[in-house]
>>> print(open('data_18.tsv').read())   # TSV, C-alpha atoms and all ligand atoms
chain	number	residue	atom	x	y	z
O	1	MET	CA	4.01	35.55	40.84
O	2	PRO	CA	6.43	32.60	40.53
O	3	ASN	CA	7.65	32.22	36.99
O	4	LEU	CA	6.64	28.83	35.56
O	5	GLU	CA	7.76	29.74	32.03
O	6	GLY	CA	8.85	26.67	30.10
O	7	LYS	CA	7.15	24.20	32.44
O	8	VAL	CA	4.45	21.78	31.31
O	9	ALA	CA	1.50	21.00	33.59
O	10	ILE	CA	-1.30	18.45	33.51
O	11	VAL	CA	-4.40	19.42	35.49
O	12	THR	CA	-6.99	16.65	35.80
O	13	GLY	CA	-10.66	17.55	36.07
O	14	ALA	CA	-9.76	21.02	34.77
O	15	GLY	CA	-12.89	21.56	32.68
O	16	ARG	CA	-14.78	23.08	35.60
O	17	GLY	CA	-14.61	24.36	39.16
O	18	ILE	CA	-11.31	24.34	41.06
O	19	GLY	CA	-9.35	22.50	38.34
O	20	ARG	CA	-10.25	25.14	35.76
O	21	GLU	CA	-8.91	27.83	38.12
O	22	HIS	CA	-5.67	25.86	38.64
O	23	ALA	CA	-5.23	25.50	34.86
O	24	LEU	CA	-5.78	29.23	34.25
O	25	ALA	CA	-3.48	30.23	37.14
O	26	LEU	CA	-0.68	27.92	35.96
O	27	ALA	CA	-1.04	29.31	32.43
O	28	ARG	CA	-0.92	32.90	33.73
O	29	ALA	CA	2.32	31.99	35.53
O	30	GLY	CA	3.73	30.85	32.17
O	31	ALA	CA	3.18	27.08	32.17
O	32	LYS	CA	1.88	25.16	29.17
O	33	VAL	CA	-1.20	23.25	30.30
O	34	LEU	CA	-2.80	19.98	29.30
O	35	VAL	CA	-6.41	20.44	30.36
O	36	ASN	CA	-7.82	17.03	31.23
O	37	ASP	CA	-11.50	16.42	31.87
O	38	LEU	CA	-13.78	13.48	31.17
O	39	GLY	CA	-16.72	15.88	31.22
O	40	GLY	CA	-19.29	13.74	33.05
O	41	SER	CA	-21.94	14.58	35.62
O	42	LEU	CA	-21.19	15.25	39.30
O	43	ALA	CA	-21.95	11.55	39.95
O	44	GLY	CA	-19.47	10.56	37.24
O	45	GLU	CA	-21.95	9.58	34.54
O	46	GLY	CA	-21.46	10.37	30.85
O	47	GLU	CA	-18.61	11.99	28.94
O	48	ASP	CA	-18.25	15.31	27.14
O	49	ALA	CA	-15.16	16.83	25.53
O	50	THR	CA	-16.58	20.37	25.67
O	51	PRO	CA	-15.44	21.45	29.20
O	52	ALA	CA	-11.77	20.53	28.59
O	53	GLU	CA	-11.80	22.14	25.14
O	54	GLN	CA	-13.39	25.34	26.45
O	55	VAL	CA	-10.72	25.79	29.15
O	56	ALA	CA	-7.92	25.06	26.66
O	57	ASP	CA	-9.50	27.75	24.42
O	58	GLU	CA	-9.61	30.18	27.38
O	59	ILE	CA	-5.89	29.66	27.99
O	60	ARG	CA	-5.09	30.23	24.31
O	61	ALA	CA	-7.20	33.41	24.40
O	62	LEU	CA	-4.98	34.60	27.28
O	63	GLY	CA	-1.96	34.06	25.02
O	64	GLY	CA	-0.93	30.78	26.68
O	65	GLU	CA	-0.30	27.33	25.26
O	66	ALA	CA	-2.74	24.51	26.04
O	67	ALA	CA	-4.21	21.28	24.76
O	68	ALA	CA	-7.37	19.41	25.77
O	69	ASP	CA	-7.49	15.80	26.93
O	70	CYS	CA	-10.50	13.64	27.80
O	71	GLU	CA	-8.92	10.54	29.36
O	72	ASN	CA	-10.51	8.95	32.41
O	73	VAL	CA	-7.92	9.42	35.19
O	74	ALA	CA	-9.03	6.19	36.86
O	75	ASP	CA	-8.10	4.14	33.76
O	76	PHE	CA	-4.51	2.95	34.21
O	77	ALA	CA	-3.77	2.79	30.47
O	78	GLY	CA	-5.67	6.06	29.95
O	79	ALA	CA	-3.46	7.74	32.55
O	80	GLU	CA	-0.39	6.55	30.68
O	81	ARG	CA	-1.82	8.08	27.47
O	82	LEU	CA	-2.49	11.29	29.44
O	83	VAL	CA	1.17	11.60	30.45
O	84	ARG	CA	2.31	10.77	26.91
O	85	HIS	CA	-0.11	13.37	25.55
O	86	ALA	CA	1.67	16.04	27.65
O	87	THR	CA	5.15	14.99	26.58
O	88	ASP	CA	4.20	14.61	22.89
O	89	ALA	CA	1.97	17.68	22.48
O	90	LEU	CA	3.56	20.13	24.94
O	91	GLY	CA	7.14	18.89	25.03
O	92	GLY	CA	7.55	17.49	28.55
O	93	LEU	CA	6.02	17.20	31.99
O	94	ASP	CA	6.92	19.13	35.14
O	95	ILE	CA	3.66	19.47	37.07
O	96	LEU	CA	0.80	17.06	37.69
O	97	VAL	CA	-2.25	18.41	39.50
O	98	ASN	CA	-4.55	15.51	40.47
O	99	ASN	CA	-7.89	17.24	40.90
O	100	ALA	CA	-10.60	15.24	39.09
O	101	GLY	CA	-13.38	14.01	41.31
O	102	ILE	CA	-16.99	12.92	41.64
O	103	LEU	CA	-19.51	12.68	44.46
O	104	ARG	CA	-22.10	10.05	45.40
O	105	ASP	CA	-23.10	10.91	48.95
O	106	ARG	CA	-25.18	8.47	50.97
O	107	MET	CA	-25.39	7.49	54.62
O	108	LEU	CA	-23.25	4.43	55.22
O	109	VAL	CA	-26.20	2.24	56.11
O	110	ASN	CA	-27.79	2.89	52.70
O	111	MET	CA	-24.68	3.09	50.51
O	112	ASP	CA	-24.60	0.55	47.69
O	113	GLU	CA	-21.56	-1.13	46.19
O	114	ALA	CA	-21.51	1.00	43.03
O	115	GLU	CA	-21.60	4.21	45.08
O	116	TRP	CA	-18.61	3.01	47.08
O	117	ASP	CA	-16.61	1.59	44.14
O	118	SER	CA	-17.08	4.49	41.73
O	119	VAL	CA	-16.03	7.18	44.21
O	120	ILE	CA	-13.03	5.22	45.52
O	121	ASN	CA	-12.02	4.50	41.92
O	122	VAL	CA	-12.15	8.04	40.51
O	123	HIS	CA	-10.43	9.64	43.50
O	124	LEU	CA	-7.96	7.08	44.78
O	125	LYS	CA	-7.05	5.22	41.58
O	126	GLY	CA	-7.48	8.52	39.74
O	127	HIS	CA	-4.60	9.84	41.85
O	128	PHE	CA	-2.47	6.70	41.72
O	129	ALA	CA	-2.63	6.10	37.95
O	130	PRO	CA	-1.49	9.54	36.62
O	131	THR	CA	1.07	9.88	39.44
O	132	ARG	CA	2.48	6.42	38.70
O	133	HIS	CA	3.06	7.22	35.02
O	134	ALA	CA	4.35	10.74	35.70
O	135	ALA	CA	6.75	9.27	38.29
O	136	ALA	CA	8.14	6.82	35.72
O	137	HIS	CA	8.74	9.75	33.36
O	138	TRP	CA	10.59	11.73	36.05
O	139	ARG	CA	12.62	8.73	37.23
O	140	GLU	CA	13.82	8.17	33.67
O	141	ARG	CA	14.92	11.80	33.33
O	142	SER	CA	16.57	11.76	36.76
O	143	LYS	CA	18.45	8.55	35.98
O	144	ALA	CA	19.67	10.12	32.73
O	145	GLY	CA	21.40	12.76	34.89
O	146	GLU	CA	18.91	15.60	34.54
O	147	THR	CA	18.08	17.83	37.52
O	148	VAL	CA	14.33	17.29	37.78
O	149	ARG	CA	11.97	19.75	39.49
O	150	GLY	CA	8.80	17.62	39.35
O	151	ARG	CA	5.62	18.60	41.15
O	152	VAL	CA	2.56	16.57	42.13
O	153	ILE	CA	-0.35	18.35	43.76
O	154	CYS	CA	-3.03	15.99	45.03
O	155	THR	CA	-6.54	16.92	46.13
O	156	SER	CA	-7.77	15.69	49.48
O	157	SER	CA	-10.69	17.30	51.27
O	158	PRO	CA	-11.82	18.57	54.66
O	159	SER	CA	-14.20	15.59	54.45
O	160	GLY	CA	-11.21	13.24	54.42
O	161	VAL	CA	-9.04	14.92	57.01
O	162	PHE	CA	-11.82	15.91	59.47
O	163	GLY	CA	-14.56	13.43	58.51
O	164	ASN	CA	-18.01	14.34	57.19
O	165	VAL	CA	-21.30	12.55	57.73
O	166	GLY	CA	-22.80	11.05	54.56
O	167	GLN	CA	-19.45	10.76	52.78
O	168	ALA	CA	-17.94	7.43	53.88
O	169	ASN	CA	-16.88	6.65	50.29
O	170	TYR	CA	-15.61	10.14	49.42
O	171	GLY	CA	-14.01	10.84	52.81
O	172	ALA	CA	-12.24	7.47	52.87
O	173	ALA	CA	-10.85	8.15	49.39
O	174	LYS	CA	-9.77	11.66	50.40
O	175	ALA	CA	-8.12	10.42	53.61
O	176	GLY	CA	-6.39	7.83	51.43
O	177	ILE	CA	-5.16	10.61	49.16
O	178	ALA	CA	-3.62	12.42	52.15
O	179	GLY	CA	-1.85	9.16	53.05
O	180	PHE	CA	-0.82	8.59	49.43
O	181	THR	CA	0.71	12.09	49.45
O	182	LEU	CA	2.91	11.21	52.44
O	183	ILE	CA	4.24	8.05	50.83
O	184	ALA	CA	4.65	9.43	47.31
O	185	ALA	CA	6.55	12.42	48.77
O	186	GLN	CA	9.00	10.08	50.49
O	187	GLU	CA	9.44	7.82	47.46
O	188	LEU	CA	9.76	10.48	44.76
O	189	GLY	CA	11.99	12.95	46.60
O	190	ARG	CA	15.04	11.07	45.31
O	191	TYR	CA	14.03	11.96	41.72
O	192	GLY	CA	13.57	15.67	42.53
O	193	VAL	CA	9.78	15.46	42.78
O	194	THR	CA	7.71	17.07	45.55
O	195	VAL	CA	4.22	15.79	46.39
O	196	ASN	CA	1.74	17.87	48.39
O	197	CYS	CA	-2.02	17.96	48.73
O	198	LEU	CA	-4.81	20.49	49.10
O	199	ALA	CA	-7.90	20.22	51.27
O	200	PRO	CA	-9.90	22.89	49.43
O	201	ASN	CA	-13.15	24.61	50.16
O	202	ALA	CA	-14.89	26.61	47.45
O	203	ARG	CA	-18.15	27.17	45.64
O	204	THR	CA	-18.49	24.67	42.77
O	205	ARG	CA	-21.21	22.29	41.62
O	206	MET	CA	-19.71	19.81	44.09
O	207	THR	CA	-20.36	21.89	47.22
O	208	GLU	CA	-23.81	23.26	46.36
O	209	GLY	CA	-25.41	20.33	48.22
O	210	THR	CA	-23.07	20.46	51.24
O	211	PHE	CA	-23.02	24.16	52.01
O	212	GLY	CA	-26.24	25.31	50.34
O	213	SER	CA	-26.09	28.19	47.95
O	214	ILE	CA	-23.62	30.61	49.46
O	215	ASP	CA	-23.85	33.40	46.92
O	216	ALA	CA	-20.88	35.52	45.97
O	217	PRO	CA	-20.92	38.93	47.69
O	218	GLU	CA	-21.99	41.76	45.38
O	219	GLU	CA	-18.65	43.43	45.97
O	220	GLY	CA	-15.38	42.77	47.80
O	221	PHE	CA	-13.52	39.57	48.41
O	222	ASP	CA	-15.42	36.32	47.87
O	223	PRO	CA	-13.97	33.67	50.24
O	224	MET	CA	-15.81	30.89	48.38
O	225	ASP	CA	-14.31	31.77	44.96
O	226	PRO	CA	-12.65	28.57	43.63
O	227	GLY	CA	-9.81	30.77	42.31
O	228	ASN	CA	-8.69	31.22	45.95
O	229	MET	CA	-7.29	27.67	45.86
O	230	SER	CA	-4.89	28.17	42.97
O	231	PRO	CA	-2.16	30.46	44.41
O	232	VAL	CA	-1.18	27.54	46.66
O	233	VAL	CA	-0.69	25.35	43.58
O	234	VAL	CA	1.34	27.99	41.74
O	235	ALA	CA	3.53	28.63	44.82
O	236	LEU	CA	4.22	24.92	45.35
O	237	CYS	CA	5.17	24.56	41.68
O	238	ALA	CA	7.92	27.19	41.92
O	239	ASP	CA	11.52	25.95	41.91
O	240	GLU	CA	11.95	27.74	45.26
O	241	ALA	CA	9.46	25.27	46.85
O	242	GLN	CA	11.76	22.32	46.14
O	243	ASP	CA	12.06	21.41	49.84
O	244	ILE	CA	8.36	21.63	50.73
O	245	THR	CA	6.85	18.17	50.34
O	246	GLY	CA	4.40	15.74	51.91
O	247	GLN	CA	2.21	18.55	53.28
O	248	CYS	CA	-1.57	18.95	53.28
O	249	PHE	CA	-2.88	22.52	52.86
O	250	PHE	CA	-6.39	23.41	53.99
O	251	VAL	CA	-7.48	26.41	51.90
O	252	TYR	CA	-10.50	28.62	52.41
O	253	GLY	CA	-10.63	32.21	51.13
O	254	GLY	CA	-7.44	33.84	52.40
O	255	ALA	CA	-6.74	31.13	54.99
O	256	VAL	CA	-4.06	28.58	54.13
O	257	ASN	CA	-3.48	26.16	57.00
O	258	VAL	CA	-0.60	23.65	56.80
O	259	LEU	CA	-2.41	20.82	58.55
O	260	GLN	CA	-0.87	18.34	60.92
O	261	GLY	CA	-2.33	14.94	60.24
O	262	TRP	CA	-2.03	11.86	62.38
O	263	SER	CA	0.56	12.87	64.91
O	264	PRO	CA	1.43	11.41	68.30
O	265	GLY	CA	-1.26	12.16	70.85
O	266	GLU	CA	-2.14	10.72	74.27
O	267	LEU	CA	0.43	8.05	75.19
O	268	LEU	CA	-0.66	5.15	77.37
O	269	ALA	CA	2.62	3.39	78.07
O	270	ARG	CA	3.76	0.58	80.35
O	271	ASP	CA	6.62	-1.90	80.29
O	272	THR	CA	4.43	-4.96	79.69
O	273	ARG	CA	1.32	-5.85	77.67
O	274	TRP	CA	-1.83	-4.04	78.81
O	275	ASP	CA	-4.58	-5.98	80.49
O	276	ALA	CA	-7.89	-5.02	78.76
O	277	ASP	CA	-9.62	-4.15	82.07
O	278	GLU	CA	-6.77	-1.91	83.16
O	279	LEU	CA	-6.57	-0.32	79.71
O	280	LEU	CA	-10.28	0.45	79.75
O	281	ALA	CA	-9.97	2.01	83.21
O	282	GLU	CA	-7.02	4.10	82.00
O	283	LEU	CA	-8.98	5.24	78.92
O	284	ARG	CA	-11.92	6.27	81.13
O	285	GLU	CA	-9.55	8.24	83.33
O	286	ARG	CA	-7.73	9.98	80.48
O	287	PHE	CA	-10.94	10.71	78.56
O	288	PRO	CA	-13.55	11.39	81.24
O	289	SER	CA	-15.92	12.92	78.65
O	290	GLY	CA	-15.21	10.23	76.04
O	291	ALA	CA	-13.38	10.69	72.74
O	292	ALA	CA	-15.10	11.34	69.38
O	293	PRO	CA	-14.40	13.27	66.17
O	294	ALA	CA	-15.50	16.92	66.17
O	295	GLY	CA	-16.62	16.64	62.52
O	296	MET	CA	-15.88	18.56	59.36
O	297	ILE	CA	-17.35	22.00	60.07
O	298	ALA	CA	-15.66	22.23	63.49
O	299	GLY	CA	-12.37	21.06	61.93
O	300	MET	CA	-12.59	23.58	59.11
O	301	MET	CA	-13.35	26.42	61.49
O	302	SER	CA	-10.40	25.58	63.72
O	303	ALA	CA	-8.21	25.56	60.59
O	304	GLY	CA	-9.22	29.12	59.62
O	305	GLY	CA	-12.51	28.76	57.77
O	306	GLN	CA	-14.21	31.35	59.99
O	307	SER	CA	-17.08	32.55	57.88
O	308	LEU	CA	-18.42	29.02	57.50
O	309	SER	CA	-20.05	29.63	60.89
O	310	ALA	CA	-22.82	31.31	58.90
O	311	THR	CA	-23.70	27.96	57.32
O	312	GLN	CA	-23.96	25.94	60.53
Q	401	LIG	N1	-15.38	22.41	45.95
Q	401	LIG	C1	-14.93	22.13	47.17
Q	401	LIG	O1	-15.15	22.87	48.14
Q	401	LIG	C2	-14.09	20.91	47.40
Q	401	LIG	C3	-13.84	20.53	48.72
Q	401	LIG	C4	-13.02	19.46	48.96
Q	401	LIG	C5	-12.46	18.77	47.90
Q	401	LIG	N2	-12.73	19.14	46.62
Q	401	LIG	C6	-12.10	18.39	45.53
Q	401	LIG	O2	-11.63	19.29	44.56
Q	401	LIG	C7	-11.62	18.65	43.28
Q	401	LIG	C8	-12.35	19.52	42.27
Q	401	LIG	O3	-13.72	19.56	42.62
Q	401	LIG	P1	-14.73	20.74	42.18
Q	401	LIG	O4	-15.36	21.21	43.42
Q	401	LIG	O5	-14.02	21.71	41.30
Q	401	LIG	O6	-15.82	19.88	41.40
Q	401	LIG	P2	-16.29	19.89	39.85
Q	401	LIG	O7	-17.33	18.84	39.73
Q	401	LIG	O8	-16.64	21.27	39.45
Q	401	LIG	O9	-14.99	19.47	39.04
Q	401	LIG	C9	-14.50	18.15	38.99
Q	401	LIG	C10	-14.14	17.83	37.55
Q	401	LIG	O10	-13.54	16.52	37.49
Q	401	LIG	C11	-13.97	15.92	36.28
Q	401	LIG	N3	-13.87	14.45	36.38
Q	401	LIG	C12	-14.64	13.64	37.14
Q	401	LIG	N4	-14.24	12.35	37.00
Q	401	LIG	C13	-13.22	12.37	36.11
Q	401	LIG	C14	-12.39	11.34	35.58
Q	401	LIG	N5	-12.57	10.06	35.91
Q	401	LIG	N6	-11.40	11.69	34.71
Q	401	LIG	C15	-11.23	12.99	34.36
Q	401	LIG	N7	-12.00	14.00	34.83
Q	401	LIG	C16	-12.97	13.69	35.70
Q	401	LIG	C17	-15.41	16.38	36.12
Q	401	LIG	O11	-15.86	16.26	34.78
Q	401	LIG	C18	-15.34	17.82	36.62
Q	401	LIG	O12	-15.18	18.75	35.56
Q	401	LIG	C19	-12.26	17.29	43.51
Q	401	LIG	O13	-11.26	16.33	43.70
Q	401	LIG	C20	-13.03	17.47	44.78
Q	401	LIG	O14	-13.28	16.25	45.44
Q	401	LIG	C21	-13.55	20.20	46.35
>>> encode(input="data_18.tsv", output="structure tokens")
Amino acid sequence: MPNLEGKVAIVTGAGRGIGREHALALARAGAKVLVNDLGGSLAGEGEDATPAEQVADEIRALGGEAAADCENVADFAGAERLVRHATDALGGLDILVNNAGILRDRMLVNMDEAEWDSVINVHLKGHFAPTRHAAAHWRERSKAGETVRGRVICTSSPSGVFGNVGQANYGAAKAGIAGFTLIAAQELGRYGVTVNCLAPNARTRMTEGTFGSIDAPEEGFDPMDPGNMSPVVVALCADEAQDITGQCFFVYGGAVNVLQGWSPGELLARDTRWDADELLAELRERFPSGAAPAGMIAGMMSAGGQSLSATQ
């Protein structure tokens, strides 16, 4: 396992699910962990300090060092306090795992403004705000002449990169996070910071509604175990991963697929401006069966999520 001894990590939304697994895995690899979680419902209602405190206790019981934090990641000033909490209580900041999230699924035609705003806010601003303050911390250290090995791991989703029905708010935020990753990677490289993102798939309270109850097998490997996501985080946080940045990793069970996002596709080129009629005719010729997204399940299966076929 990569040795993260001496490093300090913040994991947002680490009181439950995938974030809890990331926090425990980083601690097992030797990192000190600030366990952030607002502790609300799946829809983002309410607050409760218990989940963050419990995971910090679990890390201490393993012999690691941890502190609990209950800031709302989508609060710009709260995110600044979150970063300061890590530097003050744990002595620095090397790793930021942006993982906190909520869900308010609804078909687009019925989605109300609050459902849109809350989901965009927690995911997209909840990635921007902690990353912004962590980046300022790393820039300061880099400008002071220190060799920084900063790490940001963002959390996108198959819903964002492949597109899932009923999740216009969530999928748009998650696609935005994949785009944010690309830009942050290019901007922060100069300070020694890598920025990557995960498109995870695991059994948590968040996926119960999407994939039904896929129970853990009685014995053997459980591909839906949320702990399957965390080795990717630990690997990317190693000093040896200093030149891997701006990538989006689909993860399901033992499948880790380094996705290719928007990349050049079918080129329709001419030396002058297209006439709309001619362009339409060319599109009909190039795409005789039309062109439409395959959807999330098909995308996940082509990326290596084989056993999801059972849920179709
Ligand atoms: N489970 C999956 O298969 C899956 C698939 C794709 C993406 N994701 C993403 O993975 C991440 C973790 O999801 P999960 O499945 O573990 O769900 P989860 O609900 O178990 O965990 C999310 C945690 O984030 C916390 N949180 C929510 N809003 C917060 C805020 N404003 N500030 C701080 N904490 C907040 C919640 O309290 C919760 O503990 C999310 O970003 C989710 O969108 C999960």
>>> residues_around(input="data_18.tsv", residues="Gly304 in chain O", least_positions_apart="5", cutoff="8 Å", atoms="only C-alpha atoms", output="list of chain:residue names")
O:Tyr252, O:Ala255, O:Val256, O:Asn257
>>> residues_near_ligand(input="data_18.tsv", ligand="ligand LIG 401 (chain Q)", cutoff="8 Å", atoms="only C-alpha atoms and all ligand atoms", output="PDB file with C-alpha atoms, in the frame of the given file")
ATOM      1  CA  THR O  12      -6.990  16.650  35.800  1.00  0.00           C
ATOM      2  CA  GLY O  13     -10.660  17.550  36.070  1.00  0.00           C
ATOM      3  CA  ALA O  14      -9.760  21.020  34.770  1.00  0.00           C
ATOM      4  CA  GLY O  15     -12.890  21.560  32.680  1.00  0.00           C
ATOM      5  CA  ARG O  16     -14.780  23.080  35.600  1.00  0.00           C
ATOM      6  CA  GLY O  17     -14.610  24.360  39.160  1.00  0.00           C
ATOM      7  CA  ILE O  18     -11.310  24.340  41.060  1.00  0.00           C
ATOM      8  CA  GLY O  19      -9.350  22.500  38.340  1.00  0.00           C
ATOM      9  CA  ARG O  20     -10.250  25.140  35.760  1.00  0.00           C
ATOM     10  CA  ASN O  36      -7.820  17.030  31.230  1.00  0.00           C
ATOM     11  CA  ASP O  37     -11.500  16.420  31.870  1.00  0.00           C
ATOM     12  CA  LEU O  38     -13.780  13.480  31.170  1.00  0.00           C
ATOM     13  CA  GLY O  39     -16.720  15.880  31.220  1.00  0.00           C
ATOM     14  CA  GLY O  40     -19.290  13.740  33.050  1.00  0.00           C
ATOM     15  CA  SER O  41     -21.940  14.580  35.620  1.00  0.00           C
ATOM     16  CA  LEU O  42     -21.190  15.250  39.300  1.00  0.00           C
ATOM     17  CA  GLY O  44     -19.470  10.560  37.240  1.00  0.00           C
ATOM     18  CA  GLU O  47     -18.610  11.990  28.940  1.00  0.00           C
ATOM     19  CA  PRO O  51     -15.440  21.450  29.200  1.00  0.00           C
ATOM     20  CA  ALA O  52     -11.770  20.530  28.590  1.00  0.00           C
ATOM     21  CA  CYS O  70     -10.500  13.640  27.800  1.00  0.00           C
ATOM     22  CA  GLU O  71      -8.920  10.540  29.360  1.00  0.00           C
ATOM     23  CA  ASN O  72     -10.510   8.950  32.410  1.00  0.00           C
ATOM     24  CA  VAL O  73      -7.920   9.420  35.190  1.00  0.00           C
ATOM     25  CA  ALA O  74      -9.030   6.190  36.860  1.00  0.00           C
ATOM     26  CA  ASP O  75      -8.100   4.140  33.760  1.00  0.00           C
ATOM     27  CA  ASN O  98      -4.550  15.510  40.470  1.00  0.00           C
ATOM     28  CA  ASN O  99      -7.890  17.240  40.900  1.00  0.00           C
ATOM     29  CA  ALA O 100     -10.600  15.240  39.090  1.00  0.00           C
ATOM     30  CA  GLY O 101     -13.380  14.010  41.310  1.00  0.00           C
ATOM     31  CA  ILE O 102     -16.990  12.920  41.640  1.00  0.00           C
ATOM     32  CA  LEU O 103     -19.510  12.680  44.460  1.00  0.00           C
ATOM     33  CA  VAL O 122     -12.150   8.040  40.510  1.00  0.00           C
ATOM     34  CA  HIS O 123     -10.430   9.640  43.500  1.00  0.00           C
ATOM     35  CA  GLY O 126      -7.480   8.520  39.740  1.00  0.00           C
ATOM     36  CA  THR O 155      -6.540  16.920  46.130  1.00  0.00           C
ATOM     37  CA  SER O 156      -7.770  15.690  49.480  1.00  0.00           C
ATOM     38  CA  SER O 157     -10.690  17.300  51.270  1.00  0.00           C
ATOM     39  CA  PRO O 158     -11.820  18.570  54.660  1.00  0.00           C
ATOM     40  CA  SER O 159     -14.200  15.590  54.450  1.00  0.00           C
ATOM     41  CA  TYR O 170     -15.610  10.140  49.420  1.00  0.00           C
ATOM     42  CA  LYS O 174      -9.770  11.660  50.400  1.00  0.00           C
ATOM     43  CA  LEU O 198      -4.810  20.490  49.100  1.00  0.00           C
ATOM     44  CA  ALA O 199      -7.900  20.220  51.270  1.00  0.00           C
ATOM     45  CA  PRO O 200      -9.900  22.890  49.430  1.00  0.00           C
ATOM     46  CA  ASN O 201     -13.150  24.610  50.160  1.00  0.00           C
ATOM     47  CA  ALA O 202     -14.890  26.610  47.450  1.00  0.00           C
ATOM     48  CA  ARG O 203     -18.150  27.170  45.640  1.00  0.00           C
ATOM     49  CA  THR O 204     -18.490  24.670  42.770  1.00  0.00           C
ATOM     50  CA  ARG O 205     -21.210  22.290  41.620  1.00  0.00           C
ATOM     51  CA  MET O 206     -19.710  19.810  44.090  1.00  0.00           C
ATOM     52  CA  THR O 207     -20.360  21.890  47.220  1.00  0.00           C
ATOM     53  CA  PRO O 226     -12.650  28.570  43.630  1.00  0.00           C
TER      54      PRO O 226
END
>>> closest_residue(input="data_18.tsv", among="O:Phe249, O:Tyr191, O:Phe287, O:Trp116", to="Gly145 in chain O", atoms="only C-alpha atoms")
O:Tyr191
>>> closest_residue(input="data_18.tsv", among="O:Cys237, O:Met229, O:Ala184, O:Ala79", to="Ala31 in chain O", atoms="all atoms listed in the file")
O:Cys237
>>> residues_near_point(input="data_18.tsv", point="(2.4, 21.7, 34.3)", cutoff="9 Å", atoms="all atoms listed in the file", output="ChimeraX atom specification")
/O:4,7-11,23,26-27,31-34,86,92-97,151,237
>>> atom_distance(input="data_18.tsv", atom1="CA of Ser302 in chain O", atom2="CA of Ala25 in chain O")
27.9 Å
>>> atom_distance(input="data_18.tsv", atom1="CA of Pro293 in chain O", atom2="CA of Ala168 in chain O")
14.1 Å
>>> atom_distance(input="data_18.tsv", atom1="CA of Asp271 in chain O", atom2="CA of Arg284 in chain O")
20.3 Å
>>> closest_residue(input="data_18.tsv", among="O:Gly189, O:Pro231, O:Gly265, O:Gly220", to="Thr245 in chain O", atoms="all atoms listed in the file")
O:Gly189
>>> closest_residue(input="data_18.tsv", among="O:Glu5, O:Arg273, O:Asp225, O:His85", to="Glu65 in chain O", atoms="all atoms listed in the file")
O:Glu5
>>> residues_around(input="data_18.tsv", residues="Val193 in chain O", least_positions_apart="5", cutoff="10 Å", atoms="all atoms listed in the file", output="count of residues only")
19
>>> closest_residue(input="data_18.tsv", among="O:His133, O:Lys143, O:Arg190, O:His127", to="Ile177 in chain O", atoms="only C-alpha atoms")
O:His127
